[in-house]
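K.L.:
Below is the file my_file_39.txt, with compact mmCIF, C-alpha atoms.
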```txt
# COMPACT_ATOMS: atom_id res chain seq x y z
CA MET H 1 -67.06 -16.55 67.48
CA ALA H 2 -65.83 -15.54 64.05
CA CYS H 3 -66.24 -11.86 64.92
CA GLY H 4 -64.21 -12.34 68.09
CA LEU H 5 -61.42 -14.06 66.19
CA LEU H 6 -61.40 -11.28 63.62
CA LYS H 7 -61.07 -8.63 66.34
CA LEU H 8 -58.27 -10.62 67.98
CA GLY H 9 -56.50 -10.93 64.64
CA VAL H 10 -56.74 -7.19 63.98
CA PHE H 11 -55.47 -6.44 67.49
CA CYS H 12 -52.49 -8.78 67.08
CA PHE H 13 -51.65 -7.26 63.69
CA VAL H 14 -51.70 -3.74 65.12
CA VAL H 15 -49.47 -4.84 68.01
CA TYR H 16 -47.10 -6.41 65.47
CA LEU H 17 -46.91 -3.14 63.52
CA LEU H 18 -46.29 -1.00 66.61
CA TRP H 19 -44.21 -3.37 68.73
CA PRO H 20 -40.74 -1.93 67.87
CA TYR H 21 -41.88 1.67 68.40
CA ASN H 22 -42.49 3.44 71.69
CA VAL H 23 -44.59 6.41 70.69
CA LEU H 24 -45.65 7.06 74.27
CA GLU H 25 -42.14 8.14 75.29
CA LEU H 26 -42.31 11.01 72.78
CA LYS H 27 -44.60 12.79 75.26
CA TYR H 28 -41.67 13.27 77.61
CA ARG H 29 -38.47 12.60 75.67
CA ASN H 30 -36.99 14.13 72.52
CA PRO H 31 -35.65 11.65 69.94
CA ARG H 32 -31.88 11.69 69.48
CA THR H 33 -32.04 10.27 65.98
CA THR H 34 -34.59 9.18 63.39
CA SER H 35 -35.00 6.42 60.85
CA LEU H 36 -34.27 8.98 58.12
CA ILE H 37 -31.02 10.11 59.75
CA GLU H 38 -29.87 6.50 60.13
CA LEU H 39 -30.71 5.87 56.48
CA ARG H 40 -28.59 8.85 55.44
CA ARG H 41 -25.79 7.56 57.67
CA GLU H 42 -25.91 4.16 55.95
CA GLU H 43 -25.90 5.81 52.52
CA ALA H 44 -22.87 7.93 53.42
CA LEU H 45 -21.00 4.91 54.81
CA ARG H 46 -21.78 2.90 51.70
CA HIS H 47 -20.27 5.60 49.50
CA GLY H 48 -17.34 6.29 51.80
CA HIS H 49 -18.53 9.78 52.74
CA LYS H 50 -18.37 11.49 56.11
CA PHE H 51 -21.73 11.99 57.80
CA ASP H 52 -22.06 14.54 60.57
CA PRO H 53 -25.75 15.43 60.98
CA GLN H 54 -26.57 18.84 62.42
CA MET H 55 -29.61 18.84 64.71
CA THR H 56 -30.16 21.16 67.69
CA TRP H 57 -33.38 20.69 69.59
CA LYS H 58 -35.58 23.71 70.24
CA ASN H 59 -38.91 23.97 72.01
CA LEU H 60 -41.75 25.28 69.89
CA ASP H 61 -41.70 28.58 71.80
CA ASP H 62 -38.08 29.05 70.68
CA ILE H 63 -38.93 28.79 66.99
CA SER H 64 -40.11 31.83 65.07
CA PRO H 65 -43.93 31.94 64.80
CA ALA H 66 -43.41 32.98 61.18
CA LEU H 67 -41.72 29.64 60.44
CA VAL H 68 -44.36 27.69 62.34
CA HIS H 69 -47.16 29.34 60.35
CA ALA H 70 -45.27 28.98 57.05
CA ILE H 71 -44.73 25.25 57.62
CA VAL H 72 -48.37 24.62 58.47
CA LEU H 73 -49.62 26.59 55.45
CA ALA H 74 -47.15 24.94 53.10
CA GLU H 75 -47.28 21.36 54.35
CA ASP H 76 -50.67 20.82 55.99
CA ASP H 77 -53.02 23.79 56.14
CA ARG H 78 -55.74 21.73 57.85
CA PHE H 79 -53.35 20.38 60.46
CA TYR H 80 -55.45 21.59 63.40
CA GLU H 81 -58.70 20.30 61.89
CA HIS H 82 -57.98 16.67 60.97
CA HIS H 83 -56.98 13.66 63.07
CA GLY H 84 -53.93 12.58 61.11
CA PHE H 85 -55.35 12.19 57.61
CA ASP H 86 -56.64 14.86 55.23
CA GLY H 87 -59.35 13.23 53.16
CA GLN H 88 -59.69 16.20 50.82
CA GLN H 89 -56.00 16.20 49.96
CA ILE H 90 -55.99 12.42 49.52
CA ALA H 91 -58.89 12.69 47.05
CA ILE H 92 -57.15 15.46 45.11
CA ALA H 93 -53.92 13.47 45.00
CA PHE H 94 -55.75 10.37 43.79
CA GLN H 95 -57.42 12.30 40.97
CA ARG H 96 -54.16 13.87 39.80
CA ASN H 97 -52.23 10.61 40.01
CA TRP H 98 -54.98 8.92 38.00
CA ARG H 99 -54.69 11.56 35.31
CA GLN H 100 -50.88 11.23 35.26
CA LYS H 101 -51.15 7.42 35.20
CA ARG H 102 -48.48 7.19 37.88
CA TYR H 103 -47.74 8.23 41.45
CA VAL H 104 -46.70 11.87 41.26
CA TYR H 105 -48.54 13.62 44.08
CA GLY H 106 -49.22 12.67 47.68
CA GLY H 107 -51.61 13.88 50.34
CA SER H 108 -49.49 13.37 53.44
CA THR H 109 -50.18 15.38 56.56
CA ILE H 110 -47.53 16.62 58.98
CA THR H 111 -48.36 13.70 61.28
CA GLN H 112 -47.86 11.17 58.49
CA GLN H 113 -44.56 12.79 57.53
CA LEU H 114 -43.46 12.66 61.17
CA ALA H 115 -44.30 8.95 61.38
CA ARG H 116 -42.23 8.26 58.26
CA THR H 117 -39.29 10.37 59.39
CA LEU H 118 -39.12 8.90 62.88
CA TYR H 119 -39.73 5.24 62.20
CA LEU H 120 -39.90 4.15 58.56
CA ARG H 121 -37.79 3.74 55.44
CA PRO H 122 -38.83 5.22 52.06
CA ARG H 123 -39.34 1.85 50.36
CA LYS H 124 -42.87 1.49 49.00
CA SER H 125 -44.85 -1.51 50.20
CA ILE H 126 -48.29 -2.31 51.57
CA VAL H 127 -46.85 -3.17 54.99
CA ARG H 128 -45.01 0.14 55.17
CA LYS H 129 -48.16 2.07 54.29
CA LEU H 130 -50.08 0.14 56.93
CA LYS H 131 -47.40 0.91 59.50
CA GLU H 132 -47.52 4.58 58.56
CA ALA H 133 -51.30 4.65 58.89
CA VAL H 134 -51.33 2.89 62.26
CA MET H 135 -48.53 5.04 63.65
CA THR H 136 -50.26 8.18 62.41
CA VAL H 137 -53.37 7.22 64.37
CA TYR H 138 -51.23 6.38 67.41
CA LEU H 139 -49.33 9.68 67.24
CA GLU H 140 -52.55 11.67 67.00
CA ALA H 141 -54.12 9.72 69.88
CA THR H 142 -51.04 9.99 72.11
CA LEU H 143 -49.61 13.45 71.48
CA SER H 144 -51.03 16.94 71.33
CA LYS H 145 -51.01 18.86 68.06
CA ARG H 146 -48.47 21.20 69.58
CA ARG H 147 -46.11 18.32 70.41
CA ILE H 148 -46.51 16.75 66.96
CA LEU H 149 -45.62 20.06 65.34
CA GLU H 150 -42.66 20.57 67.69
CA LEU H 151 -41.32 17.10 66.85
CA TYR H 152 -41.74 17.66 63.13
CA LEU H 153 -39.97 21.02 63.18
CA ASN H 154 -37.03 19.45 64.99
CA VAL H 155 -36.51 16.33 62.88
CA ALA H 156 -37.47 17.45 59.35
CA GLU H 157 -34.66 17.25 56.79
CA TRP H 158 -33.68 20.69 55.46
CA GLY H 159 -30.75 19.79 53.26
CA PRO H 160 -27.75 17.43 53.23
CA GLY H 161 -27.05 16.70 56.91
CA ILE H 162 -29.35 19.50 58.11
CA TYR H 163 -32.16 18.41 60.46
CA GLY H 164 -34.58 20.64 62.29
CA ALA H 165 -35.44 24.31 62.18
CA GLU H 166 -32.55 25.48 64.37
CA ALA H 167 -29.87 23.76 62.28
CA ALA H 168 -31.48 25.02 59.07
CA SER H 169 -31.71 28.59 60.33
CA GLN H 170 -28.09 28.62 61.51
CA TYR H 171 -26.84 27.02 58.29
CA TYR H 172 -28.72 29.16 55.81
CA PHE H 173 -29.19 32.46 57.66
CA TRP H 174 -26.56 32.54 60.43
CA LYS H 175 -29.18 33.15 63.10
CA PRO H 176 -31.27 31.16 65.59
CA ALA H 177 -34.66 29.88 64.47
CA SER H 178 -36.34 32.25 66.93
CA GLN H 179 -35.18 35.25 64.86
CA LEU H 180 -36.37 34.20 61.41
CA ASN H 181 -38.48 36.81 59.65
CA PRO H 182 -41.41 35.94 57.33
CA ASP H 183 -39.32 36.05 54.14
CA GLU H 184 -36.73 33.69 55.61
CA ALA H 185 -39.44 31.43 57.04
CA VAL H 186 -41.11 31.18 53.65
CA ALA H 187 -37.77 30.41 51.98
CA LEU H 188 -37.20 27.48 54.36
CA ALA H 189 -40.78 26.19 54.16
CA SER H 190 -40.73 26.24 50.37
CA ILE H 191 -38.01 23.58 50.08
CA LEU H 192 -39.42 20.94 52.43
CA PRO H 193 -40.99 18.75 49.71
CA SER H 194 -37.47 18.04 48.39
CA PRO H 195 -34.79 19.69 50.56
CA ARG H 196 -31.89 17.74 49.07
CA ARG H 197 -32.76 18.99 45.60
CA TRP H 198 -34.14 22.47 46.14
CA GLY H 199 -32.54 25.34 48.05
CA PRO H 200 -34.01 28.41 49.79
CA PHE H 201 -31.88 30.71 47.62
CA SER H 202 -32.76 29.13 44.27
CA GLU H 203 -33.67 31.66 41.57
CA ARG H 204 -35.34 29.07 39.36
CA ALA H 205 -38.77 30.28 38.27
CA PHE H 206 -40.80 27.56 39.95
CA MET H 207 -39.04 28.04 43.29
CA ALA H 208 -39.41 31.84 43.15
CA LYS H 209 -43.10 31.35 42.45
CA ARG H 210 -43.48 28.95 45.39
CA ARG H 211 -41.94 31.51 47.74
CA THR H 212 -44.01 34.39 46.36
CA GLN H 213 -47.32 32.55 46.61
CA LEU H 214 -46.60 31.16 50.07
CA LEU H 215 -45.67 34.64 51.29
CA GLU H 216 -48.92 35.99 49.85
CA ARG H 217 -50.83 33.32 51.77
CA MET H 218 -48.93 34.29 54.93
CA GLN H 219 -49.90 37.91 54.39
CA LYS H 220 -53.52 37.05 53.70
CA ALA H 221 -53.68 35.01 56.92
CA GLY H 222 -52.14 37.87 58.88
CA TYR H 223 -48.87 36.05 59.61
CA ALA H 224 -46.67 38.42 57.59
CA PRO H 225 -46.83 42.18 57.04
CA ILE H 226 -48.08 43.43 53.70
CA PRO H 227 -45.33 45.52 52.08
CA GLU H 228 -46.04 49.13 51.23
CA TYR H 229 -43.77 49.03 48.21
CA VAL H 230 -44.61 47.66 44.76
CA PRO H 231 -43.11 44.13 44.34
CA THR H 232 -40.42 43.69 41.71
CA ASP H 233 -39.00 40.67 39.93
CA GLU H 234 -35.69 41.00 41.76
CA PRO H 235 -34.84 38.05 44.05
CA MET H 236 -35.21 38.48 47.80
CA PRO H 237 -31.95 39.46 49.51
CA PHE H 238 -30.57 36.62 51.60
CA ALA H 239 -27.56 36.27 53.85
CA PRO H 240 -24.60 34.46 52.30
CA TYR H 241 -23.94 30.81 53.05
CA LEU H 242 -21.75 29.96 56.00
CA ASN H 243 -20.94 26.56 54.47
CA PRO H 244 -22.08 26.72 50.82
CA PRO H 245 -23.90 23.58 49.62
CA PRO H 246 -23.96 22.71 45.91
CA ASP H 247 -25.08 25.47 43.55
CA TRP H 248 -28.83 24.91 43.74
CA ASN H 249 -29.40 26.91 40.55
CA THR H 250 -27.45 24.42 38.48
CA LEU H 251 -29.65 21.51 39.51
CA SER H 252 -32.25 20.34 37.05
CA GLU H 253 -35.84 21.32 37.61
CA PRO H 254 -37.97 18.37 38.81
CA GLU H 255 -40.01 16.79 36.06
CA HIS H 256 -43.17 17.58 37.98
CA ALA H 257 -42.21 20.82 39.67
CA PRO H 258 -45.21 22.41 41.34
CA ALA H 259 -46.57 25.42 39.53
CA SER H 260 -47.45 27.15 42.78
CA ALA H 261 -47.06 27.01 46.50
CA PRO H 262 -49.31 24.39 48.14
CA ASP H 263 -52.83 25.54 48.79
CA ALA H 264 -56.17 23.98 49.54
CA ASP H 265 -56.35 22.50 46.02
CA THR H 266 -52.74 21.41 45.71
CA PRO H 267 -51.82 17.98 47.13
CA ARG H 268 -48.81 17.50 49.31
CA GLN H 269 -45.92 15.11 48.82
```
Using the file provided, produce a representation of the structure as structure tokens.

P.N.:
Amino acid sequence: MACGLLKLGVFCFVVYLLWPYNVLELKYRNPRTTSLIELRREEALRHGHKFDPQMTWKNLDDISPALVHAIVLAEDDRFYEHHGFDGQQIAIAFQRNWRQKRYVYGGSTITQQLARTLYLRPRKSIVRKLKEAVMTVYLEATLSKRRILELYLNVAEWGPGIYGAEAASQYYFWKPASQLNPDEAVALASILPSPRRWGPFSERAFMAKRRTQLLERMQKAGYAPIPEYVPTDEPMPFAPYLNPPPDWNTLSEPEHAPASAPDADTPRQ
């Protein structure tokens, strides 16, 4: 009897967490907005600023494979192996946060980040973490890995008012996402942990190192050609801005800026 009541209670709690969200429709319909976009809209309205989000939907086949591979390597290199949670990254993050005596690193997978972006607000609470966990399980059980990745690439924030790979590619490189080369893909992937603070053209040492190490991982995995020339310390040549954002190089370096691009031993945000 008690066991039956416990199961019923757990079922009702899960239904309560998922009730406002129709994950099943994501199999057939692309979202027009996200919880993150609506949060940015509220913030802009509160400060009296104009908010005109740029987001153009593209199927996964219409996004450069170089960008797809760069995102997976940078954000969740075991994406195709886990079922929504990366236990190894969570353990690494816990150890580093324990040493820092505060929450500095995370171990979020692409699926967890998608759940947050689509449905949740950034406020930290036990209920929010439970919702994220339940929705991560639901997303993994309902959608294919390909669809999860396609959704993420189309709703991820890539700068102030810039959402999705197509908008980011057009804004920063004046070209469709399908035409991004490995260098450009790496530049975009490198800023995802904090796209409103970091820029793909930043010459700050820690950002240059992130790009270099991620490109090396791309080359090692066979996703980018290995150059025949000897690398130099000169910054990679990039196209000029169409609509220049703030000067990224004048922004302060994060207190806990990563020393390298994410790898198997580096936890994600």

K.L.:
Which of these residues is nearest to Phe51 (chain H), using all atoms listed in the file: H:Tyr223, H:Ile63, H:Glu38, H:Val127?

P.N.:
H:Glu38

K.L.:
To one decimal place in Å, what is the distance between CA of Asp61 (chain H) and CA of Arg29 (chain H)?

P.N.:
16.8 Å

K.L.:
Take CA of Thr56 (chain H) and CA of Val186 (chain H) and report the distance between them in Å, one decimal.

P.N.:
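Going from CA of Thr56 (chain H) over to CA of Val186 (chain H) covers 20.4 Å.
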
K.L.:
Using all atoms listed in the file, what table do you get, as JSON lines, when you list each residue of region 30-144 of chain H with an atom no more than 9 Å from region 157-173 of chain H, its nearest pair of atoms, and their distance in Å rounded to one decimal, rows by chain then rising number?

P.N.:
```
{"residue": "H:Leu36", "atom": "CA", "partner": "H:Glu157", "partner_atom": "CA", "distance": 8.4}
{"residue": "H:Ile37", "atom": "CA", "partner": "H:Gly161", "partner_atom": "CA", "distance": 8.2}
{"residue": "H:Arg40", "atom": "CA", "partner": "H:Gly161", "partner_atom": "CA", "distance": 8.1}
{"residue": "H:Phe51", "atom": "CA", "partner": "H:Gly161", "partner_atom": "CA", "distance": 7.2}
{"residue": "H:Asp52", "atom": "CA", "partner": "H:Gly161", "partner_atom": "CA", "distance": 6.6}
{"residue": "H:Pro53", "atom": "CA", "partner": "H:Gly161", "partner_atom": "CA", "distance": 4.5}
{"residue": "H:Gln54", "atom": "CA", "partner": "H:Ile162", "partner_atom": "CA", "distance": 5.2}
{"residue": "H:Met55", "atom": "CA", "partner": "H:Tyr163", "partner_atom": "CA", "distance": 5.0}
{"residue": "H:Thr56", "atom": "CA", "partner": "H:Glu166", "partner_atom": "CA", "distance": 5.9}
{"residue": "H:Trp57", "atom": "CA", "partner": "H:Glu166", "partner_atom": "CA", "distance": 7.1}
{"residue": "H:Lys58", "atom": "CA", "partner": "H:Glu166", "partner_atom": "CA", "distance": 6.8}
{"residue": "H:Ile63", "atom": "CA", "partner": "H:Ala165", "partner_atom": "CA", "distance": 7.4}
{"residue": "H:Leu67", "atom": "CA", "partner": "H:Ala165", "partner_atom": "CA", "distance": 8.4}
{"residue": "H:Thr117", "atom": "CA", "partner": "H:Glu157", "partner_atom": "CA", "distance": 8.7}
```

K.L.:
Could you write out as lines of an AutoDock Vina configuration file the box around region 137-147 of chain H (axis-aligned, all atoms listed in the file, 8 Å on each side), with centre and edge lengths in Å to one decimal?

P.N.:
```
center_x = -50.1
center_y = 13.8
center_z = 68.2
size_x = 24.0
size_y = 30.8
size_z = 23.7
```

K.L.:
With distances taken over all atoms listed in the file, which residue among H:Val68, H:Leu39, H:Phe206, H:Ala133 lies nearest Glu184 (chain H)?

P.N.:
H:Val68

K.L.:
Residues near Glu216 (chain H), anyone? I mean within 10 Å using all atoms listed in the file, not counting same-chain ones fewer than 4 positions away, as a PyMOL selection string.

P.N.:
chain H and resi 186+210-212+220-226+261

K.L.:
Of the candidates H:Leu180, H:Leu192, H:Val155, H:Val134, which shows the shortest atom-to-atom distance to Glu75 (chain H), using only C-alpha atoms?

P.N.:
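That would be H:Leu192, the residue with the smallest distance to Glu75 (chain H).
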
K.L.:
Restricting the calculation to all atoms listed in the file, which member of H:Arg116, H:Arg147, H:Arg46, H:Lys175 is positioned closest to Thr34 (chain H)?

P.N.:
H:Arg116

K.L.:
Around (-43.4, 33.2, 53.1) in the file's frame, which residues reach within 6 Å when counting only C-alpha atoms? Return as an mmCIF file with C-alpha atoms, keeping the file's coordinate frame?

P.N.:
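The new file part14.cif reads:
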```cif
data_model
loop_
_atom_site.group_PDB
_atom_site.id
_atom_site.type_symbol
_atom_site.label_atom_id
_atom_site.label_comp_id
_atom_site.auth_asym_id
_atom_site.auth_seq_id
_atom_site.Cartn_x
_atom_site.Cartn_y
_atom_site.Cartn_z
ATOM 1 C CA PRO H 182 -41.410 35.940 57.330
ATOM 2 C CA ASP H 183 -39.320 36.050 54.140
ATOM 3 C CA ALA H 185 -39.440 31.430 57.040
ATOM 4 C CA VAL H 186 -41.110 31.180 53.650
ATOM 5 C CA ARG H 211 -41.940 31.510 47.740
ATOM 6 C CA LEU H 214 -46.600 31.160 50.070
ATOM 7 C CA LEU H 215 -45.670 34.640 51.290
ATOM 8 C CA MET H 218 -48.930 34.290 54.930
#
```

K.L.:
Compare H:Leu60, H:Glu81, H:Arg128, H:Met207 by their minimum atom-to-atom distance to Pro195 (chain H), counting only C-alpha atoms, and give me the closest one.

P.N.:
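Among the listed residues, the smallest separation from Pro195 (chain H) belongs to H:Met207.
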
K.L.:
Have a look at CA of Gly48 (chain H) and CA of Pro31 (chain H) and let me know their distance in Å, one decimal.

P.N.:
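These atoms are spaced 26.3 Å apart.
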
K.L.:
Which residue is closest to Asn22 (chain H)? Choose from H:Ser178, H:Thr109, H:Thr142, H:Ser194 and count all atoms listed in the file.

P.N.:
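Comparing H:Ser178, H:Thr109, H:Thr142, H:Ser194 against Asn22 (chain H), the winner is H:Thr142.
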
K.L.:
Give as a PDB file with C-alpha atoms, keeping the file's coordinate frame every residue, naming chains and numbers as the document does, that has an atom within 12 Å of (-50.9, 14.3, 72.3), counting only C-alpha atoms.

P.N.:
```pdb
ATOM      1  CA  VAL H  23     -44.590   6.410  70.690  1.00  0.00           C
ATOM      2  CA  LEU H  24     -45.650   7.060  74.270  1.00  0.00           C
ATOM      3  CA  GLU H  25     -42.140   8.140  75.290  1.00  0.00           C
ATOM      4  CA  LEU H  26     -42.310  11.010  72.780  1.00  0.00           C
ATOM      5  CA  LYS H  27     -44.600  12.790  75.260  1.00  0.00           C
ATOM      6  CA  TYR H  28     -41.670  13.270  77.610  1.00  0.00           C
ATOM      7  CA  HIS H  83     -56.980  13.660  63.070  1.00  0.00           C
ATOM      8  CA  GLY H  84     -53.930  12.580  61.110  1.00  0.00           C
ATOM      9  CA  THR H 111     -48.360  13.700  61.280  1.00  0.00           C
ATOM     10  CA  THR H 136     -50.260   8.180  62.410  1.00  0.00           C
ATOM     11  CA  VAL H 137     -53.370   7.220  64.370  1.00  0.00           C
ATOM     12  CA  TYR H 138     -51.230   6.380  67.410  1.00  0.00           C
ATOM     13  CA  LEU H 139     -49.330   9.680  67.240  1.00  0.00           C
ATOM     14  CA  GLU H 140     -52.550  11.670  67.000  1.00  0.00           C
ATOM     15  CA  ALA H 141     -54.120   9.720  69.880  1.00  0.00           C
ATOM     16  CA  THR H 142     -51.040   9.990  72.110  1.00  0.00           C
ATOM     17  CA  LEU H 143     -49.610  13.450  71.480  1.00  0.00           C
ATOM     18  CA  SER H 144     -51.030  16.940  71.330  1.00  0.00           C
ATOM     19  CA  LYS H 145     -51.010  18.860  68.060  1.00  0.00           C
ATOM     20  CA  ARG H 146     -48.470  21.200  69.580  1.00  0.00           C
ATOM     21  CA  ARG H 147     -46.110  18.320  70.410  1.00  0.00           C
ATOM     22  CA  ILE H 148     -46.510  16.750  66.960  1.00  0.00           C
ATOM     23  CA  LEU H 149     -45.620  20.060  65.340  1.00  0.00           C
ATOM     24  CA  GLU H 150     -42.660  20.570  67.690  1.00  0.00           C
ATOM     25  CA  LEU H 151     -41.320  17.100  66.850  1.00  0.00           C
TER      26      LEU H 151
END
```
